[in-house]
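Heads up, work-v7.txt below (compact mmCIF, N, CA and C atoms):
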# COMPACT_ATOMS: atom_id res chain seq x y z
N ALA A 1 -0.30 -7.82 -27.69
CA ALA A 1 -1.61 -7.22 -27.80
C ALA A 1 -2.04 -6.61 -26.47
N GLY A 2 -1.64 -7.23 -25.34
CA GLY A 2 -2.05 -6.74 -24.04
C GLY A 2 -1.06 -5.80 -23.40
N LEU A 3 0.07 -5.50 -24.08
CA LEU A 3 1.08 -4.63 -23.50
C LEU A 3 0.71 -3.17 -23.71
N PRO A 4 1.01 -2.33 -22.70
CA PRO A 4 0.71 -0.91 -22.86
C PRO A 4 1.66 -0.25 -23.85
N THR A 5 1.15 0.66 -24.63
CA THR A 5 1.96 1.45 -25.56
C THR A 5 1.53 2.90 -25.42
N SER A 6 2.14 3.76 -26.21
CA SER A 6 1.74 5.17 -26.15
C SER A 6 0.32 5.36 -26.66
N PHE A 7 -0.21 4.37 -27.38
CA PHE A 7 -1.57 4.48 -27.91
C PHE A 7 -2.59 3.74 -27.05
N THR A 8 -2.13 2.82 -26.23
CA THR A 8 -3.03 2.11 -25.31
C THR A 8 -2.45 2.26 -23.91
N PRO A 9 -2.87 3.28 -23.16
CA PRO A 9 -2.26 3.56 -21.86
C PRO A 9 -2.49 2.43 -20.85
N PHE A 10 -1.53 2.30 -19.94
CA PHE A 10 -1.61 1.31 -18.87
C PHE A 10 -2.72 1.70 -17.90
N VAL A 11 -3.58 0.77 -17.59
CA VAL A 11 -4.64 0.99 -16.62
C VAL A 11 -4.59 -0.16 -15.63
N LEU A 12 -4.41 0.19 -14.36
CA LEU A 12 -4.34 -0.82 -13.32
C LEU A 12 -5.74 -1.32 -13.01
N LYS A 13 -5.91 -2.62 -12.98
CA LYS A 13 -7.20 -3.23 -12.68
C LYS A 13 -7.21 -3.70 -11.23
N CYS A 14 -7.92 -2.98 -10.39
CA CYS A 14 -8.03 -3.34 -8.99
C CYS A 14 -9.43 -3.89 -8.73
N PRO A 15 -9.57 -4.73 -7.69
CA PRO A 15 -10.92 -5.18 -7.30
C PRO A 15 -11.76 -3.98 -6.86
N PRO A 16 -13.06 -4.12 -6.83
CA PRO A 16 -13.90 -3.01 -6.36
C PRO A 16 -13.49 -2.58 -4.95
N PRO A 17 -13.43 -1.29 -4.69
CA PRO A 17 -12.98 -0.82 -3.38
C PRO A 17 -14.00 -1.11 -2.29
N GLY A 18 -13.50 -1.15 -1.06
CA GLY A 18 -14.39 -1.32 0.08
C GLY A 18 -15.26 -0.09 0.26
N ARG A 19 -16.47 -0.30 0.74
CA ARG A 19 -17.40 0.82 0.91
C ARG A 19 -17.28 1.47 2.28
N THR A 20 -16.58 0.81 3.21
CA THR A 20 -16.38 1.35 4.54
C THR A 20 -14.90 1.28 4.88
N GLU A 21 -14.52 1.96 5.93
CA GLU A 21 -13.12 1.93 6.37
C GLU A 21 -12.70 0.51 6.73
N LEU A 22 -13.56 -0.23 7.41
CA LEU A 22 -13.23 -1.61 7.78
C LEU A 22 -13.02 -2.47 6.54
N GLN A 23 -13.90 -2.37 5.56
CA GLN A 23 -13.74 -3.16 4.33
C GLN A 23 -12.45 -2.77 3.61
N ALA A 24 -12.15 -1.48 3.57
CA ALA A 24 -10.91 -1.04 2.91
C ALA A 24 -9.69 -1.61 3.61
N ILE A 25 -9.69 -1.61 4.93
CA ILE A 25 -8.55 -2.17 5.68
C ILE A 25 -8.43 -3.66 5.40
N MET A 26 -9.54 -4.36 5.42
CA MET A 26 -9.50 -5.81 5.19
C MET A 26 -9.01 -6.12 3.77
N HIS A 27 -9.49 -5.36 2.78
CA HIS A 27 -9.04 -5.57 1.39
C HIS A 27 -7.55 -5.27 1.26
N ALA A 28 -7.10 -4.18 1.87
CA ALA A 28 -5.69 -3.80 1.78
C ALA A 28 -4.81 -4.85 2.44
N GLN A 29 -5.23 -5.37 3.58
CA GLN A 29 -4.47 -6.42 4.25
C GLN A 29 -4.35 -7.65 3.36
N SER A 30 -5.44 -8.03 2.73
CA SER A 30 -5.46 -9.21 1.87
C SER A 30 -4.54 -9.02 0.66
N GLN A 31 -4.63 -7.87 0.01
CA GLN A 31 -3.80 -7.61 -1.17
C GLN A 31 -2.32 -7.54 -0.81
N ALA A 32 -2.01 -6.89 0.30
CA ALA A 32 -0.61 -6.78 0.72
C ALA A 32 -0.05 -8.15 1.13
N SER A 33 -0.87 -8.97 1.76
CA SER A 33 -0.41 -10.31 2.14
C SER A 33 -0.07 -11.14 0.91
N ARG A 34 -0.87 -11.02 -0.14
CA ARG A 34 -0.56 -11.74 -1.38
C ARG A 34 0.69 -11.18 -2.05
N ALA A 35 0.93 -9.89 -1.90
CA ALA A 35 2.08 -9.25 -2.55
C ALA A 35 3.41 -9.67 -1.92
N ILE A 36 3.40 -10.07 -0.66
CA ILE A 36 4.66 -10.45 0.01
C ILE A 36 5.36 -11.55 -0.75
N ARG A 37 4.65 -12.60 -1.09
CA ARG A 37 5.26 -13.74 -1.77
C ARG A 37 5.84 -13.33 -3.13
N HIS A 38 5.11 -12.51 -3.86
CA HIS A 38 5.59 -12.05 -5.17
C HIS A 38 6.86 -11.21 -5.02
N ALA A 39 6.88 -10.35 -4.00
CA ALA A 39 8.06 -9.51 -3.77
C ALA A 39 9.26 -10.35 -3.35
N GLU A 40 9.01 -11.38 -2.54
CA GLU A 40 10.10 -12.27 -2.13
C GLU A 40 10.69 -13.00 -3.33
N ILE A 41 9.83 -13.53 -4.18
CA ILE A 41 10.30 -14.24 -5.38
C ILE A 41 11.06 -13.30 -6.29
N GLY A 42 10.59 -12.06 -6.41
CA GLY A 42 11.24 -11.08 -7.28
C GLY A 42 12.50 -10.48 -6.70
N GLY A 43 12.78 -10.73 -5.43
CA GLY A 43 13.99 -10.22 -4.81
C GLY A 43 13.90 -8.80 -4.29
N ALA A 44 12.71 -8.30 -4.08
CA ALA A 44 12.52 -6.94 -3.56
C ALA A 44 12.46 -7.01 -2.03
N GLU A 45 13.64 -7.14 -1.42
CA GLU A 45 13.70 -7.33 0.04
C GLU A 45 13.20 -6.11 0.81
N ALA A 46 13.51 -4.91 0.33
CA ALA A 46 13.04 -3.71 1.01
C ALA A 46 11.51 -3.65 0.98
N ALA A 47 10.92 -4.05 -0.13
CA ALA A 47 9.46 -4.06 -0.24
C ALA A 47 8.85 -5.04 0.75
N VAL A 48 9.48 -6.19 0.91
CA VAL A 48 8.97 -7.20 1.85
C VAL A 48 8.97 -6.63 3.27
N ARG A 49 10.05 -5.95 3.65
CA ARG A 49 10.12 -5.35 4.99
C ARG A 49 9.05 -4.27 5.17
N LEU A 50 8.85 -3.45 4.14
CA LEU A 50 7.83 -2.41 4.22
C LEU A 50 6.42 -2.99 4.32
N ILE A 51 6.17 -4.05 3.56
CA ILE A 51 4.84 -4.69 3.61
C ILE A 51 4.59 -5.25 4.99
N LYS A 52 5.56 -5.97 5.53
CA LYS A 52 5.39 -6.57 6.87
C LYS A 52 5.19 -5.50 7.93
N ARG A 53 5.94 -4.40 7.82
CA ARG A 53 5.78 -3.31 8.79
C ARG A 53 4.38 -2.71 8.69
N GLY A 54 3.91 -2.49 7.45
CA GLY A 54 2.57 -1.94 7.27
C GLY A 54 1.48 -2.87 7.80
N LEU A 55 1.63 -4.15 7.51
CA LEU A 55 0.63 -5.11 7.99
C LEU A 55 0.61 -5.19 9.51
N SER A 56 1.77 -5.05 10.13
CA SER A 56 1.83 -5.16 11.59
C SER A 56 1.07 -4.01 12.28
N ARG A 57 0.97 -2.88 11.60
CA ARG A 57 0.24 -1.74 12.18
C ARG A 57 -1.27 -1.97 12.21
N LEU A 58 -1.76 -2.77 11.27
CA LEU A 58 -3.21 -2.97 11.17
C LEU A 58 -3.63 -4.40 11.50
N ASP A 59 -2.69 -5.23 11.98
CA ASP A 59 -3.02 -6.64 12.18
C ASP A 59 -4.05 -6.87 13.27
N SER A 60 -4.25 -5.90 14.16
CA SER A 60 -5.26 -6.09 15.21
C SER A 60 -6.68 -5.83 14.69
N VAL A 61 -6.81 -5.25 13.50
CA VAL A 61 -8.15 -5.03 12.92
C VAL A 61 -8.51 -6.29 12.14
N GLN A 62 -9.40 -7.09 12.73
CA GLN A 62 -9.80 -8.35 12.11
C GLN A 62 -11.30 -8.48 11.93
N GLY A 63 -12.04 -7.47 12.35
CA GLY A 63 -13.50 -7.51 12.21
C GLY A 63 -14.10 -6.25 12.81
N PRO A 64 -15.43 -6.20 12.87
CA PRO A 64 -16.11 -4.98 13.33
C PRO A 64 -15.76 -4.58 14.77
N VAL A 65 -15.65 -5.55 15.67
CA VAL A 65 -15.39 -5.21 17.07
C VAL A 65 -13.97 -4.66 17.23
N SER A 66 -12.99 -5.32 16.62
CA SER A 66 -11.61 -4.83 16.75
C SER A 66 -11.45 -3.50 16.01
N TRP A 67 -12.17 -3.30 14.88
CA TRP A 67 -12.11 -2.01 14.20
C TRP A 67 -12.68 -0.92 15.10
N TYR A 68 -13.81 -1.20 15.75
CA TYR A 68 -14.45 -0.22 16.63
C TYR A 68 -13.50 0.21 17.74
N VAL A 69 -12.86 -0.77 18.38
CA VAL A 69 -11.93 -0.47 19.47
C VAL A 69 -10.76 0.36 18.95
N ARG A 70 -10.16 -0.05 17.83
CA ARG A 70 -9.03 0.70 17.26
C ARG A 70 -9.46 2.09 16.80
N HIS A 71 -10.64 2.19 16.20
CA HIS A 71 -11.10 3.47 15.65
C HIS A 71 -11.37 4.50 16.75
N PHE A 72 -12.01 4.08 17.82
CA PHE A 72 -12.43 5.04 18.84
C PHE A 72 -11.47 5.16 20.02
N PHE A 73 -10.57 4.22 20.20
CA PHE A 73 -9.71 4.28 21.38
C PHE A 73 -8.22 4.31 21.08
N THR A 74 -7.84 4.29 19.80
CA THR A 74 -6.42 4.41 19.43
C THR A 74 -6.31 5.35 18.24
N ASP A 75 -5.11 5.53 17.76
CA ASP A 75 -4.86 6.40 16.61
C ASP A 75 -4.90 5.56 15.33
N LEU A 76 -6.08 5.08 14.97
CA LEU A 76 -6.21 4.26 13.76
C LEU A 76 -5.93 5.08 12.51
N SER A 77 -6.34 6.33 12.48
CA SER A 77 -6.09 7.14 11.27
C SER A 77 -4.60 7.34 11.06
N GLY A 78 -3.83 7.49 12.13
CA GLY A 78 -2.37 7.59 12.00
C GLY A 78 -1.77 6.28 11.51
N ALA A 79 -2.29 5.16 12.00
CA ALA A 79 -1.82 3.85 11.54
C ALA A 79 -2.15 3.64 10.07
N ILE A 80 -3.32 4.09 9.64
CA ILE A 80 -3.70 3.98 8.23
C ILE A 80 -2.75 4.81 7.37
N HIS A 81 -2.44 6.02 7.82
CA HIS A 81 -1.53 6.88 7.05
C HIS A 81 -0.15 6.22 6.92
N ARG A 82 0.41 5.77 8.02
CA ARG A 82 1.76 5.16 7.98
C ARG A 82 1.75 3.86 7.16
N THR A 83 0.69 3.10 7.26
CA THR A 83 0.59 1.87 6.48
C THR A 83 0.46 2.19 5.00
N ARG A 84 -0.36 3.17 4.66
CA ARG A 84 -0.50 3.56 3.26
C ARG A 84 0.83 4.03 2.69
N MET A 85 1.59 4.77 3.48
CA MET A 85 2.91 5.23 3.03
C MET A 85 3.85 4.03 2.80
N ASP A 86 3.82 3.06 3.71
CA ASP A 86 4.66 1.87 3.55
C ASP A 86 4.27 1.08 2.31
N PHE A 87 2.96 0.89 2.09
CA PHE A 87 2.50 0.13 0.93
C PHE A 87 2.85 0.87 -0.37
N GLU A 88 2.72 2.19 -0.36
CA GLU A 88 3.03 2.96 -1.56
C GLU A 88 4.52 2.88 -1.88
N GLN A 89 5.36 3.00 -0.86
CA GLN A 89 6.80 2.90 -1.09
C GLN A 89 7.18 1.48 -1.50
N ALA A 90 6.54 0.49 -0.91
CA ALA A 90 6.80 -0.90 -1.29
C ALA A 90 6.40 -1.15 -2.74
N ALA A 91 5.31 -0.53 -3.18
CA ALA A 91 4.90 -0.67 -4.59
C ALA A 91 5.95 -0.07 -5.51
N GLN A 92 6.44 1.12 -5.16
CA GLN A 92 7.50 1.75 -5.96
C GLN A 92 8.73 0.85 -6.02
N ASN A 93 9.11 0.31 -4.87
CA ASN A 93 10.29 -0.55 -4.81
C ASN A 93 10.07 -1.82 -5.60
N SER A 94 8.88 -2.39 -5.54
CA SER A 94 8.58 -3.61 -6.28
C SER A 94 8.63 -3.38 -7.78
N PHE A 95 8.11 -2.25 -8.22
CA PHE A 95 8.15 -1.94 -9.65
C PHE A 95 9.59 -1.81 -10.15
N SER A 96 10.48 -1.26 -9.30
CA SER A 96 11.86 -1.07 -9.75
C SER A 96 12.74 -2.29 -9.50
N GLU A 97 12.52 -3.01 -8.40
CA GLU A 97 13.39 -4.13 -8.04
C GLU A 97 12.86 -5.48 -8.51
N ALA A 98 11.57 -5.62 -8.67
CA ALA A 98 10.97 -6.89 -9.08
C ALA A 98 9.92 -6.67 -10.16
N PRO A 99 10.33 -6.09 -11.29
CA PRO A 99 9.34 -5.83 -12.35
C PRO A 99 8.75 -7.14 -12.87
N GLY A 100 7.46 -7.12 -13.13
CA GLY A 100 6.81 -8.31 -13.64
C GLY A 100 6.39 -9.30 -12.57
N SER A 101 6.65 -8.98 -11.31
CA SER A 101 6.31 -9.93 -10.24
C SER A 101 4.86 -9.78 -9.76
N HIS A 102 4.17 -8.78 -10.17
CA HIS A 102 2.79 -8.46 -9.77
C HIS A 102 2.69 -7.92 -8.35
N ALA A 103 3.81 -7.85 -7.63
CA ALA A 103 3.77 -7.28 -6.28
C ALA A 103 3.42 -5.80 -6.33
N GLY A 104 4.00 -5.08 -7.27
CA GLY A 104 3.72 -3.65 -7.39
C GLY A 104 2.27 -3.36 -7.67
N GLU A 105 1.67 -4.16 -8.55
CA GLU A 105 0.25 -3.96 -8.87
C GLU A 105 -0.63 -4.22 -7.66
N GLN A 106 -0.34 -5.31 -6.94
CA GLN A 106 -1.16 -5.64 -5.77
C GLN A 106 -1.00 -4.58 -4.68
N LEU A 107 0.22 -4.09 -4.50
CA LEU A 107 0.44 -3.06 -3.49
C LEU A 107 -0.18 -1.73 -3.90
N SER A 108 -0.20 -1.44 -5.19
CA SER A 108 -0.86 -0.22 -5.66
C SER A 108 -2.34 -0.27 -5.33
N CYS A 109 -2.94 -1.41 -5.51
CA CYS A 109 -4.36 -1.56 -5.16
C CYS A 109 -4.54 -1.47 -3.65
N ALA A 110 -3.60 -2.02 -2.87
CA ALA A 110 -3.70 -1.99 -1.42
C ALA A 110 -3.64 -0.57 -0.89
N TYR A 111 -2.67 0.23 -1.37
CA TYR A 111 -2.61 1.59 -0.85
C TYR A 111 -3.74 2.44 -1.38
N ASP A 112 -4.25 2.12 -2.56
CA ASP A 112 -5.39 2.85 -3.11
C ASP A 112 -6.63 2.63 -2.25
N GLU A 113 -6.75 1.44 -1.66
CA GLU A 113 -7.88 1.15 -0.75
C GLU A 113 -7.84 2.08 0.46
N LEU A 114 -6.64 2.34 0.97
CA LEU A 114 -6.50 3.11 2.21
C LEU A 114 -6.56 4.62 1.99
N LEU A 115 -6.32 5.05 0.78
CA LEU A 115 -6.21 6.49 0.49
C LEU A 115 -7.42 7.31 0.93
N PRO A 116 -8.67 6.87 0.71
CA PRO A 116 -9.81 7.70 1.15
C PRO A 116 -9.90 7.88 2.66
N TYR A 117 -9.25 7.02 3.43
CA TYR A 117 -9.34 7.08 4.89
C TYR A 117 -8.06 7.62 5.52
N ASP A 118 -7.13 8.06 4.69
CA ASP A 118 -5.87 8.63 5.14
C ASP A 118 -6.09 10.10 5.46
N PRO A 119 -5.75 10.55 6.68
CA PRO A 119 -5.94 11.96 7.01
C PRO A 119 -4.98 12.90 6.26
N GLU A 120 -3.91 12.34 5.69
CA GLU A 120 -2.94 13.14 4.94
C GLU A 120 -2.70 12.50 3.57
N PRO A 121 -3.71 12.51 2.69
CA PRO A 121 -3.59 11.79 1.42
C PRO A 121 -2.64 12.41 0.40
N ASN A 122 -2.22 13.66 0.62
CA ASN A 122 -1.37 14.32 -0.36
C ASN A 122 0.12 14.15 -0.07
N ILE A 123 0.47 13.39 0.95
CA ILE A 123 1.86 13.12 1.26
C ILE A 123 2.21 11.77 0.65
N HIS A 124 3.31 11.72 -0.09
CA HIS A 124 3.71 10.49 -0.77
C HIS A 124 5.18 10.20 -0.53
N PRO A 125 5.55 8.93 -0.41
CA PRO A 125 6.97 8.59 -0.20
C PRO A 125 7.72 8.59 -1.52
N MET A 126 9.05 8.66 -1.42
CA MET A 126 9.92 8.52 -2.58
C MET A 126 10.84 7.34 -2.30
N ASP A 127 10.77 6.32 -3.13
CA ASP A 127 11.62 5.16 -2.90
C ASP A 127 13.07 5.45 -3.26
N SER A 128 13.30 6.19 -4.32
CA SER A 128 14.66 6.56 -4.71
C SER A 128 15.02 7.88 -4.04
N ARG A 129 16.19 7.94 -3.48
CA ARG A 129 16.63 9.14 -2.80
C ARG A 129 17.20 10.15 -3.79
N LEU A 130 17.07 11.42 -3.47
CA LEU A 130 17.60 12.45 -4.34
C LEU A 130 19.12 12.42 -4.41
N SER A 131 19.76 11.82 -3.41
CA SER A 131 21.22 11.77 -3.41
C SER A 131 21.77 10.90 -4.52
N VAL A 132 20.96 10.06 -5.12
CA VAL A 132 21.45 9.21 -6.21
C VAL A 132 21.33 9.90 -7.57
N VAL A 133 20.74 11.09 -7.59
CA VAL A 133 20.61 11.83 -8.83
C VAL A 133 21.94 12.52 -9.12
N PRO A 134 22.48 12.38 -10.32
CA PRO A 134 23.76 13.03 -10.61
C PRO A 134 23.64 14.56 -10.55
N VAL A 135 24.69 15.17 -10.07
CA VAL A 135 24.71 16.61 -9.96
C VAL A 135 25.23 17.21 -11.26
N GLU A 136 24.53 18.21 -11.76
CA GLU A 136 24.95 18.91 -12.98
C GLU A 136 26.02 19.91 -12.61
N PRO A 137 27.08 20.05 -13.43
CA PRO A 137 28.12 21.05 -13.11
C PRO A 137 27.66 22.46 -13.36

Rewrite the coordinates I just gave you, this time as structure tokens.
Amino acid sequence: AGLPTSFTPFVLKCPPPGRTELQAIMHAQSQASRAIRHAEIGGAEAAVRLIKRGLSRLDSVQGPVSWYVRHFFTDLSGAIHRTRMDFEQAAQNSFSEAPGSHAGEQLSCAYDELLPYDPEPNIHPMDSRLSVVPVEP
């Protein structure tokens, strides 16, 4: 009854988004941190590495003062972009390598939080490389 079909489309249920950049970063960090364990259990090792790399870029943002320092004195927007790219690719990898683990859903919500604050929101990663696509004769 709860499974998506062609008549009942899949809709991802995310928590309400943060209203500020700081809230969005904090929500994304929380969701990605929860996704690590699910990805580990599901065997999505590449996703785990991407999540940890993304979290390490924003780990110094822990409240208003650290956000202020990062926002005005470092390249926080660049860190948000790279982290969003890592979370998005980790979500793709989790969906393909650990289906049903809920890591992909949590990471989708995490990168969705960062998207409004990403200076390059139209750039997206591809988890599968084009070299694995068979060549037509």

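Among the candidates A:Pro15, A:Ala90, A:Asp75, A:Gln31, the residue lying nearest to A:Ile51 is A:Ala90 (atoms considered: all atoms listed in the file).
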
* Asked: Can you list, as a ChimeraX atom specification, every protein, DNA or RNA residue that comes within 9 Å of stretch 105-113 of chain A when you count only C-alpha atoms, leaving out same-chain residues fewer than 2 positions away?
  -> /A:12-15,17-18,21,23-25,27-32,34-35,51,83-88,90-92,94-95,101-103,115-117

File of the preceding selection, N, CA and C atoms, as a compact mmCIF listing (two decimals), in the frame of the given file:
# COMPACT_ATOMS: atom_id res chain seq x y z
N LEU A 12 -4.41 0.19 -14.36
CA LEU A 12 -4.34 -0.82 -13.32
C LEU A 12 -5.74 -1.32 -13.01
N LYS A 13 -5.91 -2.62 -12.98
CA LYS A 13 -7.20 -3.23 -12.68
C LYS A 13 -7.21 -3.70 -11.23
N CYS A 14 -7.92 -2.98 -10.39
CA CYS A 14 -8.03 -3.34 -8.99
C CYS A 14 -9.43 -3.89 -8.73
N PRO A 15 -9.57 -4.73 -7.69
CA PRO A 15 -10.92 -5.18 -7.30
C PRO A 15 -11.76 -3.98 -6.86
N PRO A 17 -13.43 -1.29 -4.69
CA PRO A 17 -12.98 -0.82 -3.38
C PRO A 17 -14.00 -1.11 -2.29
N GLY A 18 -13.50 -1.15 -1.06
CA GLY A 18 -14.39 -1.32 0.08
C GLY A 18 -15.26 -0.09 0.26
N GLU A 21 -14.52 1.96 5.93
CA GLU A 21 -13.12 1.93 6.37
C GLU A 21 -12.70 0.51 6.73
N GLN A 23 -13.90 -2.37 5.56
CA GLN A 23 -13.74 -3.16 4.33
C GLN A 23 -12.45 -2.77 3.61
N ALA A 24 -12.15 -1.48 3.57
CA ALA A 24 -10.91 -1.04 2.91
C ALA A 24 -9.69 -1.61 3.61
N ILE A 25 -9.69 -1.61 4.93
CA ILE A 25 -8.55 -2.17 5.68
C ILE A 25 -8.43 -3.66 5.40
N HIS A 27 -9.49 -5.36 2.78
CA HIS A 27 -9.04 -5.57 1.39
C HIS A 27 -7.55 -5.27 1.26
N ALA A 28 -7.10 -4.18 1.87
CA ALA A 28 -5.69 -3.80 1.78
C ALA A 28 -4.81 -4.85 2.44
N GLN A 29 -5.23 -5.37 3.58
CA GLN A 29 -4.47 -6.42 4.25
C GLN A 29 -4.35 -7.65 3.36
N SER A 30 -5.44 -8.03 2.73
CA SER A 30 -5.46 -9.21 1.87
C SER A 30 -4.54 -9.02 0.66
N GLN A 31 -4.63 -7.87 0.01
CA GLN A 31 -3.80 -7.61 -1.17
C GLN A 31 -2.32 -7.54 -0.81
N ALA A 32 -2.01 -6.89 0.30
CA ALA A 32 -0.61 -6.78 0.72
C ALA A 32 -0.05 -8.15 1.13
N ARG A 34 -0.87 -11.02 -0.14
CA ARG A 34 -0.56 -11.74 -1.38
C ARG A 34 0.69 -11.18 -2.05
N ALA A 35 0.93 -9.89 -1.90
CA ALA A 35 2.08 -9.25 -2.55
C ALA A 35 3.41 -9.67 -1.92
N ILE A 51 6.17 -4.05 3.56
CA ILE A 51 4.84 -4.69 3.61
C ILE A 51 4.59 -5.25 4.99
N THR A 83 0.69 3.10 7.26
CA THR A 83 0.59 1.87 6.48
C THR A 83 0.46 2.19 5.00
N ARG A 84 -0.36 3.17 4.66
CA ARG A 84 -0.50 3.56 3.26
C ARG A 84 0.83 4.03 2.69
N MET A 85 1.59 4.77 3.48
CA MET A 85 2.91 5.23 3.03
C MET A 85 3.85 4.03 2.80
N ASP A 86 3.82 3.06 3.71
CA ASP A 86 4.66 1.87 3.55
C ASP A 86 4.27 1.08 2.31
N PHE A 87 2.96 0.89 2.09
CA PHE A 87 2.50 0.13 0.93
C PHE A 87 2.85 0.87 -0.37
N GLU A 88 2.72 2.19 -0.36
CA GLU A 88 3.03 2.96 -1.56
C GLU A 88 4.52 2.88 -1.88
N ALA A 90 6.54 0.49 -0.91
CA ALA A 90 6.80 -0.90 -1.29
C ALA A 90 6.40 -1.15 -2.74
N ALA A 91 5.31 -0.53 -3.18
CA ALA A 91 4.90 -0.67 -4.59
C ALA A 91 5.95 -0.07 -5.51
N GLN A 92 6.44 1.12 -5.16
CA GLN A 92 7.50 1.75 -5.96
C GLN A 92 8.73 0.85 -6.02
N SER A 94 8.88 -2.39 -5.54
CA SER A 94 8.58 -3.61 -6.28
C SER A 94 8.63 -3.38 -7.78
N PHE A 95 8.11 -2.25 -8.22
CA PHE A 95 8.15 -1.94 -9.65
C PHE A 95 9.59 -1.81 -10.15
N SER A 101 6.65 -8.98 -11.31
CA SER A 101 6.31 -9.93 -10.24
C SER A 101 4.86 -9.78 -9.76
N HIS A 102 4.17 -8.78 -10.17
CA HIS A 102 2.79 -8.46 -9.77
C HIS A 102 2.69 -7.92 -8.35
N ALA A 103 3.81 -7.85 -7.63
CA ALA A 103 3.77 -7.28 -6.28
C ALA A 103 3.42 -5.80 -6.33
N LEU A 115 -6.32 5.05 0.78
CA LEU A 115 -6.21 6.49 0.49
C LEU A 115 -7.42 7.31 0.93
N PRO A 116 -8.67 6.87 0.71
CA PRO A 116 -9.81 7.70 1.15
C PRO A 116 -9.90 7.88 2.66
N TYR A 117 -9.25 7.02 3.43
CA TYR A 117 -9.34 7.08 4.89
C TYR A 117 -8.06 7.62 5.52

* Asked: Mind checking DSSP for stretch 33-86 of chain A and telling me the helix (DSSP H, G or I) residues as a PyMOL selection string?
  -> chain A and resi 33-42+45-58+64-73+76-86

* Rounded to one decimal in Å, what is the spacing between atom N of A:Ala98 and atom N of A:Arg53? ->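 Result for atom N of A:Ala98 versus atom N of A:Arg53: 17.5 Å, one decimal.
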
* To do: Could you please determine the separation between atom CA of A:His124 and atom CA of A:Gln89 in Å, to one decimal place?
  => 8.2 Å

* Point-to-point distance in Å for atom C of A:Thr20 and atom CA of A:Leu114 -> 9.0 Å

Model the absent atoms of stretch 13-17 of chain A so that all heavy atoms are present, and write the result as a compact mmCIF listing (two decimals), in the frame of the given file.
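Saved result, result-v2.txt, follows:
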# COMPACT_ATOMS: atom_id res chain seq x y z
N LYS A 13 -5.91 -2.62 -12.98
CA LYS A 13 -7.20 -3.23 -12.68
C LYS A 13 -7.21 -3.70 -11.23
O LYS A 13 -6.56 -4.68 -10.90
CB LYS A 13 -7.46 -4.43 -13.61
CG LYS A 13 -7.44 -4.08 -15.08
CD LYS A 13 -8.78 -3.55 -15.52
CE LYS A 13 -8.84 -3.51 -17.03
NZ LYS A 13 -9.12 -2.25 -17.57
N CYS A 14 -7.92 -2.98 -10.39
CA CYS A 14 -8.03 -3.34 -8.99
C CYS A 14 -9.43 -3.89 -8.73
O CYS A 14 -10.38 -3.53 -9.42
CB CYS A 14 -7.81 -2.12 -8.10
SG CYS A 14 -6.14 -1.49 -8.12
N PRO A 15 -9.57 -4.73 -7.69
CA PRO A 15 -10.92 -5.18 -7.30
C PRO A 15 -11.76 -3.98 -6.86
O PRO A 15 -11.21 -2.93 -6.52
CB PRO A 15 -10.66 -6.13 -6.13
CG PRO A 15 -9.21 -6.41 -6.13
CD PRO A 15 -8.53 -5.32 -6.87
N PRO A 16 -13.06 -4.12 -6.83
CA PRO A 16 -13.90 -3.01 -6.36
C PRO A 16 -13.49 -2.58 -4.95
O PRO A 16 -13.19 -3.43 -4.10
CB PRO A 16 -15.31 -3.58 -6.35
CG PRO A 16 -15.26 -4.78 -7.23
CD PRO A 16 -13.85 -5.29 -7.19
N PRO A 17 -13.43 -1.29 -4.69
CA PRO A 17 -12.98 -0.82 -3.38
C PRO A 17 -14.00 -1.11 -2.29
O PRO A 17 -15.19 -1.25 -2.56
CB PRO A 17 -12.80 0.69 -3.58
CG PRO A 17 -13.73 1.02 -4.69
CD PRO A 17 -13.76 -0.18 -5.59
